[in-house]
Amino acid sequence: MQPSPERQREMLRQMQTIRRFEERASDDYHGGAIYGVVHCYIGEEAVAVGVCSTLNRDDQIISTHRGHGHCIAKGADLNRMMAELYGRETGYCKGKGGSMHIADFGIGMLGANGIVAGGIAIVTGAGLAAQLDGKGRVAVSFFGDGASNAGPFHESLNIAAAWKLPVIFVCENNLYAAQTSAAETHAQEDIAARAHGYGIPGVIVDGNDVLAVHGAAAKAVARARAGEGPTLIECKTYRWRRHTERVNQPDFRPEHEIEVWLKKDPIARLVAHLKSQQGQLTDAEWQEMDRQVLRGIEEAVGFAKSSPFPKPEAALEDVFAS
Amino acid sequence: MQPSPERQREMLRQMQTIRRFEERASDDYHGGAIYGVVHCYIGEEAVAVGVCSTLNRDDQIISTHRGHGHCIAKGADLNRMMAELYGRETGYCKGKGGSMHIADFGIGMLGANGIVAGGIAIVTGAGLAAQLDGKGRVAVSFFGDGASNAGPFHESLNIAAAWKLPVIFVCENNLYAAQTSAAETHAQEDIAARAHGYGIPGVIVDGNDVLAVHGAAAKAVARARAGEGPTLIECKTYRWRRHTERVNQPDFRPEHEIEVWLKKDPIARLVAHLKSQQGQLTDAEWQEMDRQVLRGIEEAVGFAKSSPFPKPEAALEDVFAS
Amino acid sequence: MREITYAQASLEAFAEEMRRDPKVFHMSTDAPQPLVKEFGPTRVRATPIAESALTGMAIGAAGSGYRPIVDWRMVTFCFVAMDQIVNQAAKIHYMFGGQAKFPILYRASVGGGTRLAAQHSQSPYSMFMNLAGLKMILPSTPYDLKGLLKSAIRDDNPVIAFEATRLFGTKGMVPEEDYTLPLGKADIKREGKDITIVALAWAVHESLAAAEALAAEGISVEVIDPRTLVPMDVATIRASVRKTGRLLVADEAGPTCGAAAEISALATEDPATFACLRGPVKRLCGLQVPIPYSPGMEDFVFPDRQKIAAAVRELVRPKS
Amino acid sequence: MREITYAQASLEAFAEEMRRDPKVFHMSTDAPQPLVKEFGPTRVRATPIAESALTGMAIGAAGSGYRPIVDWRMVTFCFVAMDQIVNQAAKIHYMFGGQAKFPILYRASVGGGTRLAAQHSQSPYSMFMNLAGLKMILPSTPYDLKGLLKSAIRDDNPVIAFEATRLFGTKGMVPEEDYTLPLGKADIKREGKDITIVALAWAVHESLAAAEALAAEGISVEVIDPRTLVPMDVATIRASVRKTGRLLVADEAGPTCGAAAEISALATEDPATFACLRGPVKRLCGLQVPIPYSPGMEDFVFPDRQKIAAAVRELVRPKS
Ligand SMILES: Cc1ncc(C[n+]2csc(CCOP(=O)(O)OP(=O)(O)O)c2C)c(N)n1
Ligand SMILES: Cc1ncc(C[n+]2csc(CCOP(=O)(O)OP(=O)(O)O)c2C)c(N)n1
Ligand SMILES: [Mg+2]
Ligand SMILES: [Mg+2]
């Protein structure tokens, strides 16, 4: 079922929020106000938003090193996100995590994770909890094409399949793992084919088409809620920026490949779709939406900047829960 | 191509050697002359022998905790094997390894391994070496149904497939991992189905039919030698004894299941096959073969018993190669 | 009080805590039958051989309101799960700013003496102690084990319970009624005045035997069992060393960067304790080698009561 | 001699050894471009993200006559491969009775100061030191790094090369011609007589800076850089401590069961060295916490030249 026009506009707003948030985050990273590393999700917004648009607040997701999009799509607070990037006390992790470790357990966002494939088992455990609770909650694992070659992916898929856990495994196949192309590391282009070995559905979807992603996710979520077990969804997509903002690592991706994918902009696509359908989005509305989004980002930056840094001694807190 | 009658008799002799060796090893384990742990392969002899009968001396294999059968099939010396079980200086590992760690690099036996799935990557590396050498060698990984749920299995299959390594992955599906049945831990009965995700052949074979195993392995070996990459072969088989001789852990396997499988004895099957073919094996020949096998085991025990224990201080040697 | 074995003590602790709290559940590659019988296969799960996934799943389940117990069985099987231990379980509470709790019990048997060779005879607790964010116990008696396990299950942090294989069959008195022991409190297993032995697990029993023998020679030995490795009860250890002026650390693990090195450093870096030291601080550990299979070699590797007694004599009455 | 960076030193060592020996090849999840250019993608392989498999494959390739280099990149990525390190690489030579050699170089960057938070800021070398069967280097200068890497590649055992991220950009003089440095030989980076600082990696430079400042106050500091962690050059360390009578160990890793604990214990358990000690042995380490992201907190965690100087003053001229 297609989401309602309102819902679609909301999805558009979220996608644009992710993009604007990261444009700002990378600017401020290069400007020196954000530290460490920033991995941008720009170009892949349709995956996070398409999937999360099928979830309830108490459904859970887990993310990767490239986590801003998943946070925003799951409803995280931009102020606390930006404050975390700025290393402030008001950040989601009190300044302890930074870009790679934003989490909000209150909205079922179990965290970005700096270890490739590191979150897959964790969210599978959340899926087990959901099954034990028996309230129809589901858990979603986001991960990359690179992660699909790591052991924990396999172990988790197998357990989820064997125990019919309500988990949706969403592979964001952006064709590269850092500098290494998936063509070099996968004998088989389609990661979805791996589902076969576990007797679960493996679905391929255009990851730049938010409505297609939504559709595939909705089906998988329904299956999971019905107790029928996990689904592997492979979203074919592409990142626009380099692997990280951190260093000028070489980018071996061919110019023409990048160009082709830039033309598949998931946001422009949804805008065009809404515009093409009488009255669902006008140019003016779209401009206004973008202005609002930018205002939200501006506010978040303001919140971050006006928040204090944690006291150095706060480093000693939170080692253990008491 | 069927192996020649001579070759088949040799295969029979090897299978019987494995069985007699382990009957003795478990007796001597329970008698106290062998320490630690012994995992018996009895019932599964056709797998090791069927596969190794397609290999050359310089081809390499790696084994599991259940390693005696692979050693013998690859041509290991019974004296040095038994001496190792007896913890003697003349053992394959100078008494440092015991049953779980017999290796003979000289014959391409890269070792039994106490960690489930622990050897799969190692032998995949041997396969890489074979590919780099370019002499047509192949490498074989033996592992259990239990191991097929562990991450290293997946990682190795993927790399071998992506790099077209000359590796044959042989899953000994004996339906159980220790006390836990494969039905509980695999959503999908056939482990061979996992090959699909890596774009390589996944073959199922009757693991109690040594000629069938030989045929499947020969095909996979030819493919590997030709540079076409790995194959996953799943051998359906069954172990006759408990998981280990070590403790009286409960054995949850149903009586009738055990009975059914005892009737599928791979050795009796080959004997019957040879007998049924005019003149290839007589009762007298078979009895004589068994006597010879038993004599070999007796000799090995004699060798072990007459060998000295290592000096205690030898514990300090071999930490590093010099 | 009743006499039960060390192995029974764990099972009792698990069963009692599972009765007490429906959020406690158990996962391992082979499900323990007594627990399956009482609690059923949903709460006592037999799993695929995928310790990495189990270890991680416990984190996700804990972060969702459960209190999982993951039995790695032998400690050697947890190395496939090391990333989940090091990078997730130990750090996740901290790096997310303390926003969620992760009450998990990981359990592993440790130690040698079983003729199981290098891979299956390990005592690597110090590898985990080096990490910040995990608590750890290593009890030496059924009483300590049961009481600490129950505290560990109730603790809101990931705790690793190391249990000594060598002690599984040893017996000890344990109360009928519910009791717990606090994490982080050492136990003085024997009082003495000439030398302090801080001993771990099996070495506690060997040290007590050595102390008995040494008493006959007029050497009075104090034996301290930390019981908890993290947090370490450094106050009790230092107080004892200040009293006796001498310290021997006895542990079957290899010495290099081991718990024994830590205990040694904790004693010698405290000015007040250092000032009381009357001689060098000795580690009596397993040899720094993988553990060999053959009995003569294996026994040679480990410190036993004779070696402990000899080391004490040398410290108390140095030859030169 | 030419000046090159610490990062260049590794690349040079790899390139030279690959030229020298066709059996050397390189695997990592991102292939280093200069090496790919010179040696091609067959010898310098970009791999799937499967460090466990890579680590194991190196063992199989080494046992088949090759000399693989596996670059784990940041040390945090090797924990997924821990089983292959602990149970295979470290033990396989020993448990098979020495019948085959496994010449492997594993490489990993370590340390913090990069604002990369807990998972990506680790210094866990002591976890590996605790194992028997692995050699390990942790050099602090381009010269030491290159010379030790070349020895490590030529060594017939698995060696782990830890390289300090903080030092990647630092420069130093390195000979034009082929040279190696022996594993297991410490370097006295500065001679002194009032106190010995044994320092690791980045802490070597901080200690040298502290020593310079302290010289002006009349305190003469000896700075020893072990360079190799296994085997540890205990003779050089003890000789220095016997000379100065005081020991401070400076390391950015957390203290608990760390290399610093080991070095402390190595000094205090030797009767002759203990007899020369004029005061407690101090570890000045990173705090025992996961590493936080925000700069103020992160800097608070690590020992720097000021903290080192303060610790030395306190040891040499204790207040009480
Ligand atoms: C176990 C592990 N190995 C290596 C890395 C370094 N690393 C960070 S991101 C990345 C690439 C991940 O690729 P993919 O899973 O496709 O995600 P993408 O970055 O494309 O979104 C690598 C190799 C890591 N974080 N964890
Ligand atoms: C990583 C790991 N986990 C657990 C064990 C304990 N263990 C030893 S053998 C075994 C069962 C293995 O089953 P399978 O792979 O099917 O081989 P089989 O014993 O049936 O031949 C288990 C769980 C182990 N050795 N390694
Ligand atoms: Mg990718
Ligand atoms: Mg099995």
# chains A, B, ... in the order shown; residues from 1 in each chain; ligands from 1
>>> interface_residues(of="chain D", to="chain B", cutoff="6 Å", atoms="only C-alpha atoms", output="compact mmCIF listing (two decimals) with N, CA, C and O atoms, in the first residue's frame")
# COMPACT_ATOMS: atom_id res chain seq x y z
N ALA D 50 36.39 -9.12 6.47
CA ALA D 50 36.29 -10.45 7.06
C ALA D 50 37.63 -10.72 7.72
O ALA D 50 38.36 -11.63 7.35
N ALA D 53 38.61 -14.24 8.72
CA ALA D 53 39.09 -15.09 7.63
C ALA D 53 40.49 -14.69 7.20
O ALA D 53 41.36 -15.55 7.00
N GLY D 56 43.08 -15.96 9.63
CA GLY D 56 43.25 -17.41 9.49
C GLY D 56 43.92 -17.78 8.17
O GLY D 56 44.77 -18.67 8.13
N MET D 57 43.54 -17.11 7.11
CA MET D 57 44.13 -17.42 5.81
C MET D 57 45.64 -17.19 5.83
O MET D 57 46.40 -17.93 5.20
N ALA D 58 46.04 -16.18 6.57
CA ALA D 58 47.48 -15.93 6.68
C ALA D 58 48.19 -17.14 7.29
O ALA D 58 49.30 -17.49 6.89
N ILE D 59 47.53 -17.78 8.24
CA ILE D 59 48.14 -18.95 8.88
C ILE D 59 48.30 -20.08 7.86
O ILE D 59 49.36 -20.70 7.75
N GLY D 60 47.25 -20.32 7.11
CA GLY D 60 47.30 -21.38 6.10
C GLY D 60 48.32 -21.08 5.01
O GLY D 60 49.04 -21.98 4.55
N ALA D 61 48.39 -19.83 4.60
CA ALA D 61 49.35 -19.46 3.57
C ALA D 61 50.78 -19.56 4.11
O ALA D 61 51.69 -20.03 3.43
N TYR D 94 53.20 -24.50 18.49
CA TYR D 94 53.43 -25.29 19.71
C TYR D 94 52.60 -26.56 19.73
O TYR D 94 53.12 -27.66 19.94
N MET D 95 51.33 -26.43 19.49
CA MET D 95 50.46 -27.60 19.70
C MET D 95 50.67 -28.67 18.64
O MET D 95 50.31 -29.83 18.87
N PHE D 96 51.26 -28.30 17.52
CA PHE D 96 51.63 -29.32 16.53
C PHE D 96 53.08 -29.77 16.71
O PHE D 96 53.67 -30.38 15.82
N GLY D 97 53.66 -29.44 17.85
CA GLY D 97 55.00 -29.93 18.15
C GLY D 97 56.09 -29.30 17.30
O GLY D 97 57.15 -29.89 17.11
N GLY D 98 55.84 -28.09 16.82
CA GLY D 98 56.90 -27.36 16.11
C GLY D 98 57.14 -27.85 14.70
O GLY D 98 58.16 -27.50 14.09
N GLY D 133 53.23 -17.26 22.49
CA GLY D 133 53.34 -17.70 21.10
C GLY D 133 53.29 -16.59 20.06
O GLY D 133 53.37 -16.87 18.87
>>> residues_near_ligand(ligand="ligand 1", cutoff="6 Å", atoms="only C-alpha atoms and all ligand atoms", output="PDB file with N, CA, C and O atoms, in the first residue's frame")
ATOM      1  N   ARG A  66      27.612   4.859   9.553  1.00  0.00           N
ATOM      2  CA  ARG A  66      26.969   5.881   8.712  1.00  0.00           C
ATOM      3  C   ARG A  66      25.563   6.101   9.245  1.00  0.00           C
ATOM      4  O   ARG A  66      24.589   5.754   8.601  1.00  0.00           O
ATOM      5  N   GLY A 114      30.624   1.619  15.309  1.00  0.00           N
ATOM      6  CA  GLY A 114      31.837   1.817  14.525  1.00  0.00           C
ATOM      7  C   GLY A 114      32.451   0.541  13.977  1.00  0.00           C
ATOM      8  O   GLY A 114      33.417   0.592  13.230  1.00  0.00           O
ATOM      9  N   ILE A 115      31.907  -0.592  14.358  1.00  0.00           N
ATOM     10  CA  ILE A 115      32.452  -1.857  13.880  1.00  0.00           C
ATOM     11  C   ILE A 115      31.537  -2.388  12.785  1.00  0.00           C
ATOM     12  O   ILE A 115      30.344  -2.574  13.005  1.00  0.00           O
ATOM     13  N   VAL A 116      32.102  -2.629  11.635  1.00  0.00           N
ATOM     14  CA  VAL A 116      31.304  -3.138  10.524  1.00  0.00           C
ATOM     15  C   VAL A 116      30.666  -4.469  10.940  1.00  0.00           C
ATOM     16  O   VAL A 116      31.367  -5.367  11.431  1.00  0.00           O
ATOM     17  N   PHE A 143      22.750  -2.288   7.546  1.00  0.00           N
ATOM     18  CA  PHE A 143      24.182  -2.572   7.382  1.00  0.00           C
ATOM     19  C   PHE A 143      24.533  -2.460   5.906  1.00  0.00           C
ATOM     20  O   PHE A 143      23.633  -2.440   5.045  1.00  0.00           O
ATOM     21  N   GLY A 144      25.833  -2.449   5.623  1.00  0.00           N
ATOM     22  CA  GLY A 144      26.278  -2.219   4.252  1.00  0.00           C
ATOM     23  C   GLY A 144      26.582  -3.495   3.485  1.00  0.00           C
ATOM     24  O   GLY A 144      26.551  -4.597   4.037  1.00  0.00           O
ATOM     25  N   ASP A 145      26.880  -3.319   2.211  1.00  0.00           N
ATOM     26  CA  ASP A 145      27.322  -4.452   1.394  1.00  0.00           C
ATOM     27  C   ASP A 145      28.590  -5.049   1.980  1.00  0.00           C
ATOM     28  O   ASP A 145      28.782  -6.267   1.997  1.00  0.00           O
ATOM     29  N   GLY A 146      29.473  -4.188   2.491  1.00  0.00           N
ATOM     30  CA  GLY A 146      30.705  -4.684   3.094  1.00  0.00           C
ATOM     31  C   GLY A 146      30.406  -5.602   4.264  1.00  0.00           C
ATOM     32  O   GLY A 146      31.008  -6.674   4.413  1.00  0.00           O
ATOM     33  N   ALA A 147      29.470  -5.196   5.100  1.00  0.00           N
ATOM     34  CA  ALA A 147      29.123  -5.977   6.294  1.00  0.00           C
ATOM     35  C   ALA A 147      28.577  -7.352   5.934  1.00  0.00           C
ATOM     36  O   ALA A 147      28.679  -8.295   6.720  1.00  0.00           O
ATOM     37  N   ASN A 174      25.668  -0.029  -1.403  1.00  0.00           N
ATOM     38  CA  ASN A 174      26.098   1.174  -2.136  1.00  0.00           C
ATOM     39  C   ASN A 174      27.334   0.869  -2.981  1.00  0.00           C
ATOM     40  O   ASN A 174      28.071   1.765  -3.373  1.00  0.00           O
ATOM     41  N   TYR A 176      30.225  -0.153  -2.552  1.00  0.00           N
ATOM     42  CA  TYR A 176      31.594  -0.012  -2.053  1.00  0.00           C
ATOM     43  C   TYR A 176      31.653  -0.203  -0.544  1.00  0.00           C
ATOM     44  O   TYR A 176      30.717   0.184   0.164  1.00  0.00           O
ATOM     45  N   ALA A 177      32.753  -0.764  -0.117  1.00  0.00           N
ATOM     46  CA  ALA A 177      33.103  -0.781   1.291  1.00  0.00           C
ATOM     47  C   ALA A 177      34.389   0.038   1.385  1.00  0.00           C
ATOM     48  O   ALA A 177      35.440  -0.405   0.942  1.00  0.00           O
ATOM     49  N   ALA A 178      34.256   1.242   1.896  1.00  0.00           N
ATOM     50  CA  ALA A 178      35.376   2.194   1.871  1.00  0.00           C
ATOM     51  C   ALA A 178      35.909   2.272   0.440  1.00  0.00           C
ATOM     52  O   ALA A 178      35.125   2.528  -0.490  1.00  0.00           O
TER      53      ALA A 178
ATOM     54  N   THR D  29      41.612  -4.835   4.145  1.00  0.00           N
ATOM     55  CA  THR D  29      40.300  -4.490   3.600  1.00  0.00           C
ATOM     56  C   THR D  29      40.374  -3.319   2.629  1.00  0.00           C
ATOM     57  O   THR D  29      39.509  -3.182   1.775  1.00  0.00           O
ATOM     58  N   ILE D  49      35.480  -7.456   4.041  1.00  0.00           N
ATOM     59  CA  ILE D  49      35.593  -7.116   5.466  1.00  0.00           C
ATOM     60  C   ILE D  49      35.333  -8.392   6.245  1.00  0.00           C
ATOM     61  O   ILE D  49      34.199  -8.721   6.583  1.00  0.00           O
ATOM     62  N   PHE D  77      39.662  -3.512  14.824  1.00  0.00           N
ATOM     63  CA  PHE D  77      39.072  -4.415  13.831  1.00  0.00           C
ATOM     64  C   PHE D  77      39.585  -5.840  13.964  1.00  0.00           C
ATOM     65  O   PHE D  77      39.080  -6.751  13.298  1.00  0.00           O
TER      66      PHE D  77
END
>>> closest_atom_pairs(of="chain A", to="ligand 3", cutoff="12 Å", atoms="only C-alpha atoms and all ligand atoms", output="Markdown table")
| residue | atom | partner | partner_atom_place_in_ligand_line | distance |
| --- | --- | --- | --- | --- |
| A:His39 | CA | ligand 3 | 1 (Mg) | 11.5 |
| A:Cys40 | CA | ligand 3 | 1 (Mg) | 11.8 |
| A:Tyr41 | CA | ligand 3 | 1 (Mg) | 10.6 |
| A:Glu44 | CA | ligand 3 | 1 (Mg) | 10.6 |
| A:Thr64 | CA | ligand 3 | 1 (Mg) | 10.6 |
| A:His65 | CA | ligand 3 | 1 (Mg) | 10.8 |
| A:Arg66 | CA | ligand 3 | 1 (Mg) | 9.8 |
| A:Val116 | CA | ligand 3 | 1 (Mg) | 10.1 |
| A:Ala117 | CA | ligand 3 | 1 (Mg) | 11.4 |
| A:Phe142 | CA | ligand 3 | 1 (Mg) | 11.3 |
| A:Phe143 | CA | ligand 3 | 1 (Mg) | 8.2 |
| A:Gly144 | CA | ligand 3 | 1 (Mg) | 4.6 |
| A:Asp145 | CA | ligand 3 | 1 (Mg) | 4.6 |
| A:Gly146 | CA | ligand 3 | 1 (Mg) | 5.2 |
| A:Ala147 | CA | ligand 3 | 1 (Mg) | 7.8 |
| A:Ser148 | CA | ligand 3 | 1 (Mg) | 9.3 |
| A:Asn149 | CA | ligand 3 | 1 (Mg) | 10.9 |
| A:Cys171 | CA | ligand 3 | 1 (Mg) | 8.8 |
| A:Glu172 | CA | ligand 3 | 1 (Mg) | 6.7 |
| A:Asn173 | CA | ligand 3 | 1 (Mg) | 5.5 |
| A:Asn174 | CA | ligand 3 | 1 (Mg) | 4.6 |
| A:Leu175 | CA | ligand 3 | 1 (Mg) | 5.4 |
| A:Tyr176 | CA | ligand 3 | 1 (Mg) | 4.2 |
| A:Ala177 | CA | ligand 3 | 1 (Mg) | 4.2 |
| A:Ala178 | CA | ligand 3 | 1 (Mg) | 6.9 |
| A:Gln179 | CA | ligand 3 | 1 (Mg) | 9.4 |
| A:Thr180 | CA | ligand 3 | 1 (Mg) | 8.8 |
| A:Ser181 | CA | ligand 3 | 1 (Mg) | 8.2 |
| A:Ala182 | CA | ligand 3 | 1 (Mg) | 7.6 |
| A:Ala183 | CA | ligand 3 | 1 (Mg) | 11.2 |
| A:Thr185 | CA | ligand 3 | 1 (Mg) | 11.2 |
| A:His186 | CA | ligand 3 | 1 (Mg) | 11.8 |
| A:Ile191 | CA | ligand 3 | 1 (Mg) | 11.7 |
| A:Glu234 | CA | ligand 3 | 1 (Mg) | 11.6 |
| A:Cys235 | CA | ligand 3 | 1 (Mg) | 10.8 |
| A:Lys236 | CA | ligand 3 | 1 (Mg) | 9.9 |
| A:Thr237 | CA | ligand 3 | 1 (Mg) | 9.0 |
| A:Tyr238 | CA | ligand 3 | 1 (Mg) | 8.0 |
| A:Arg239 | CA | ligand 3 | 1 (Mg) | 8.2 |
| A:Trp240 | CA | ligand 3 | 1 (Mg) | 11.7 |
| A:Arg242 | CA | ligand 3 | 1 (Mg) | 11.2 |
| A:His243 | CA | ligand 3 | 1 (Mg) | 8.7 |
| A:Thr244 | CA | ligand 3 | 1 (Mg) | 11.8 |
>>> residues_around(residues="range 174-177 of chain C", least_positions_apart="6", cutoff="8 Å", atoms="only C-alpha atoms", output="PyMOL selection string")
chain C and resi 1-4+142-143
>>> write_last_selection(atoms="all heavy atoms", output="short mmCIF file (atom, residue, chain, number, x, y, z; two decimals), in the first residue's frame")
data_model
loop_
_atom_site.label_atom_id
_atom_site.label_comp_id
_atom_site.auth_asym_id
_atom_site.auth_seq_id
_atom_site.Cartn_x
_atom_site.Cartn_y
_atom_site.Cartn_z
N MET C 1 22.42 -25.13 56.08
CA MET C 1 23.58 -25.37 55.21
C MET C 1 23.57 -26.80 54.67
O MET C 1 23.16 -27.73 55.36
CB MET C 1 24.89 -25.16 56.00
CG MET C 1 25.07 -23.77 56.55
SD MET C 1 25.61 -22.56 55.29
CE MET C 1 27.33 -22.33 55.72
N ARG C 2 23.99 -26.94 53.43
CA ARG C 2 24.15 -28.26 52.84
C ARG C 2 25.45 -28.27 52.07
O ARG C 2 25.92 -27.23 51.63
CB ARG C 2 23.07 -28.57 51.80
CG ARG C 2 21.70 -28.31 52.15
CD ARG C 2 20.93 -27.73 50.96
NE ARG C 2 21.47 -26.45 50.54
CZ ARG C 2 21.65 -26.10 49.27
NH1 ARG C 2 21.35 -26.94 48.30
NH2 ARG C 2 22.12 -24.91 48.97
N GLU C 3 25.95 -29.44 51.83
CA GLU C 3 27.15 -29.55 51.03
C GLU C 3 26.77 -29.75 49.57
O GLU C 3 26.00 -30.66 49.25
CB GLU C 3 28.01 -30.71 51.52
CG GLU C 3 29.46 -30.49 51.21
CD GLU C 3 30.36 -31.61 51.72
OE1 GLU C 3 29.95 -32.78 51.64
OE2 GLU C 3 31.47 -31.30 52.18
N ILE C 4 27.27 -28.91 48.71
CA ILE C 4 27.04 -29.10 47.27
C ILE C 4 28.35 -28.88 46.54
O ILE C 4 29.31 -28.37 47.11
CB ILE C 4 25.96 -28.14 46.70
CG1 ILE C 4 26.41 -26.68 46.85
CG2 ILE C 4 24.61 -28.37 47.37
CD1 ILE C 4 25.51 -25.68 46.11
N PRO C 142 32.09 -23.31 46.35
CA PRO C 142 30.66 -23.31 46.01
C PRO C 142 29.92 -22.13 46.65
O PRO C 142 29.09 -21.49 46.02
CB PRO C 142 30.18 -24.65 46.57
CG PRO C 142 31.39 -25.54 46.53
CD PRO C 142 32.55 -24.63 46.85
N TYR C 143 30.26 -21.83 47.89
CA TYR C 143 29.59 -20.74 48.60
C TYR C 143 29.85 -19.40 47.90
O TYR C 143 28.93 -18.63 47.62
CB TYR C 143 30.10 -20.70 50.05
CG TYR C 143 29.58 -19.53 50.84
CD1 TYR C 143 28.29 -19.55 51.38
CD2 TYR C 143 30.37 -18.40 51.05
CE1 TYR C 143 27.80 -18.47 52.10
CE2 TYR C 143 29.89 -17.31 51.77
CZ TYR C 143 28.60 -17.35 52.30
OH TYR C 143 28.12 -16.27 53.01
#
>>> select_by_dssp(residues="range 53-239 of chain A", states="strand (DSSP E)", output="VMD selection string")
chain A and resid 60 to 62 139 to 144 167 to 173 176 to 177 180 to 181 202 to 206 231 to 236
>>> select_by_dssp(residues="range 18-223 of chain A", states="alpha helix (DSSP H)", output="JSON, numbers by chain")
{"A": [18, 19, 20, 21, 22, 23, 24, 25, 26, 27, 28, 29, 30, 31, 45, 46, 47, 48, 49, 50, 51, 52, 68, 69, 70, 71, 72, 73, 78, 79, 80, 81, 82, 83, 84, 85, 120, 121, 122, 123, 124, 125, 126, 127, 128, 129, 130, 131, 132, 133, 151, 152, 153, 154, 155, 156, 157, 158, 159, 160, 161, 162, 182, 183, 184, 185, 210, 211, 212, 213, 214, 215, 216, 217, 218, 219, 220, 221, 222, 223]}
>>> residues_around(residues="Ala250 in chain C", least_positions_apart="4", cutoff="10 Å", atoms="only C-alpha atoms", output="PyMOL selection string")
chain C and resi 197-204+206-207+223+255+259-260+282-286+303-305+307-308+311
>>> closest_residue(among="D:Pro124, D:Gly218, D:Gly113, D:Pro231", to="chain C", atoms="only C-alpha atoms")
D:Pro124
>>> closest_atom_pairs(of="chain D", to="chain C", cutoff="6 Å", atoms="only C-alpha atoms", output="tab-separated table")
residue	atom	partner	partner_atom	distance
D:Phe79	CA	C:Asp83	CA	4.6
D:Val80	CA	C:Asp83	CA	4.9
D:Met82	CA	C:Phe79	CA	5.4
D:Asp83	CA	C:Phe79	CA	4.6
D:Asn87	CA	C:Gln119	CA	5.6
D:Gln119	CA	C:Asn87	CA	5.7
D:Ser126	CA	C:Cys257	CA	5.9
D:Met127	CA	C:Met127	CA	4.4
D:Asn130	CA	C:Thr256	CA	5.0
D:Ala132	CA	C:Val289	CA	5.0
D:Thr256	CA	C:Asn130	CA	5.0
D:Cys257	CA	C:Glu262	CA	4.9
D:Gly258	CA	C:Cys257	CA	5.7
D:Ala261	CA	C:Glu262	CA	5.4
D:Glu262	CA	C:Cys257	CA	4.9
D:Ser264	CA	C:Ala265	CA	5.9
D:Ala265	CA	C:Ala261	CA	5.5
D:Thr268	CA	C:Pro280	CA	5.6
D:Glu269	CA	C:Val281	CA	4.9
D:Pro271	CA	C:Pro280	CA	5.5
D:Phe274	CA	C:Pro280	CA	5.6
D:Pro280	CA	C:Glu269	CA	4.9
D:Val281	CA	C:Glu269	CA	4.9
D:Lys282	CA	C:Glu269	CA	5.0
D:Gln288	CA	C:Ala132	CA	5.7
D:Val289	CA	C:Ala132	CA	5.0
D:Pro290	CA	C:Ala132	CA	5.8
>>> closest_residue(among="C:Ile137, C:Leu149, C:Ala89, C:Ala108", to="ligand 2", atoms="only C-alpha atoms and all ligand atoms")
C:Ala108
>>> closest_residue(among="A:Gly202, A:Pro308, A:Pro250, A:Gly75", to="chain B", atoms="only C-alpha atoms")
A:Gly202
>>> residues_around(residues="Tyr66 in chain C", least_positions_apart="2", cutoff="7 Å", atoms="only C-alpha atoms", output="VMD selection string")
chain C and resid 23 to 24 61 to 62 64 68
>>> residues_around(residues="Met232 in chain C", least_positions_apart="2", cutoff="8 Å", atoms="only C-alpha atoms", output="ChimeraX atom specification")
/C:184-186,226,228-230,234
>>> atom_distance(atom1="CA of Gly192 in chain D", atom2="CA of Leu167 in chain D")
24.5 Å
>>> closest_residue(among="B:His196, B:Arg13, B:His68, B:Arg225", to="chain A", atoms="only C-alpha atoms")
B:His196
>>> closest_residue(among="D:Ser28, D:Ala239, D:Lys146, D:Ile160", to="Ile188 in chain D", atoms="only C-alpha atoms")
D:Ala239
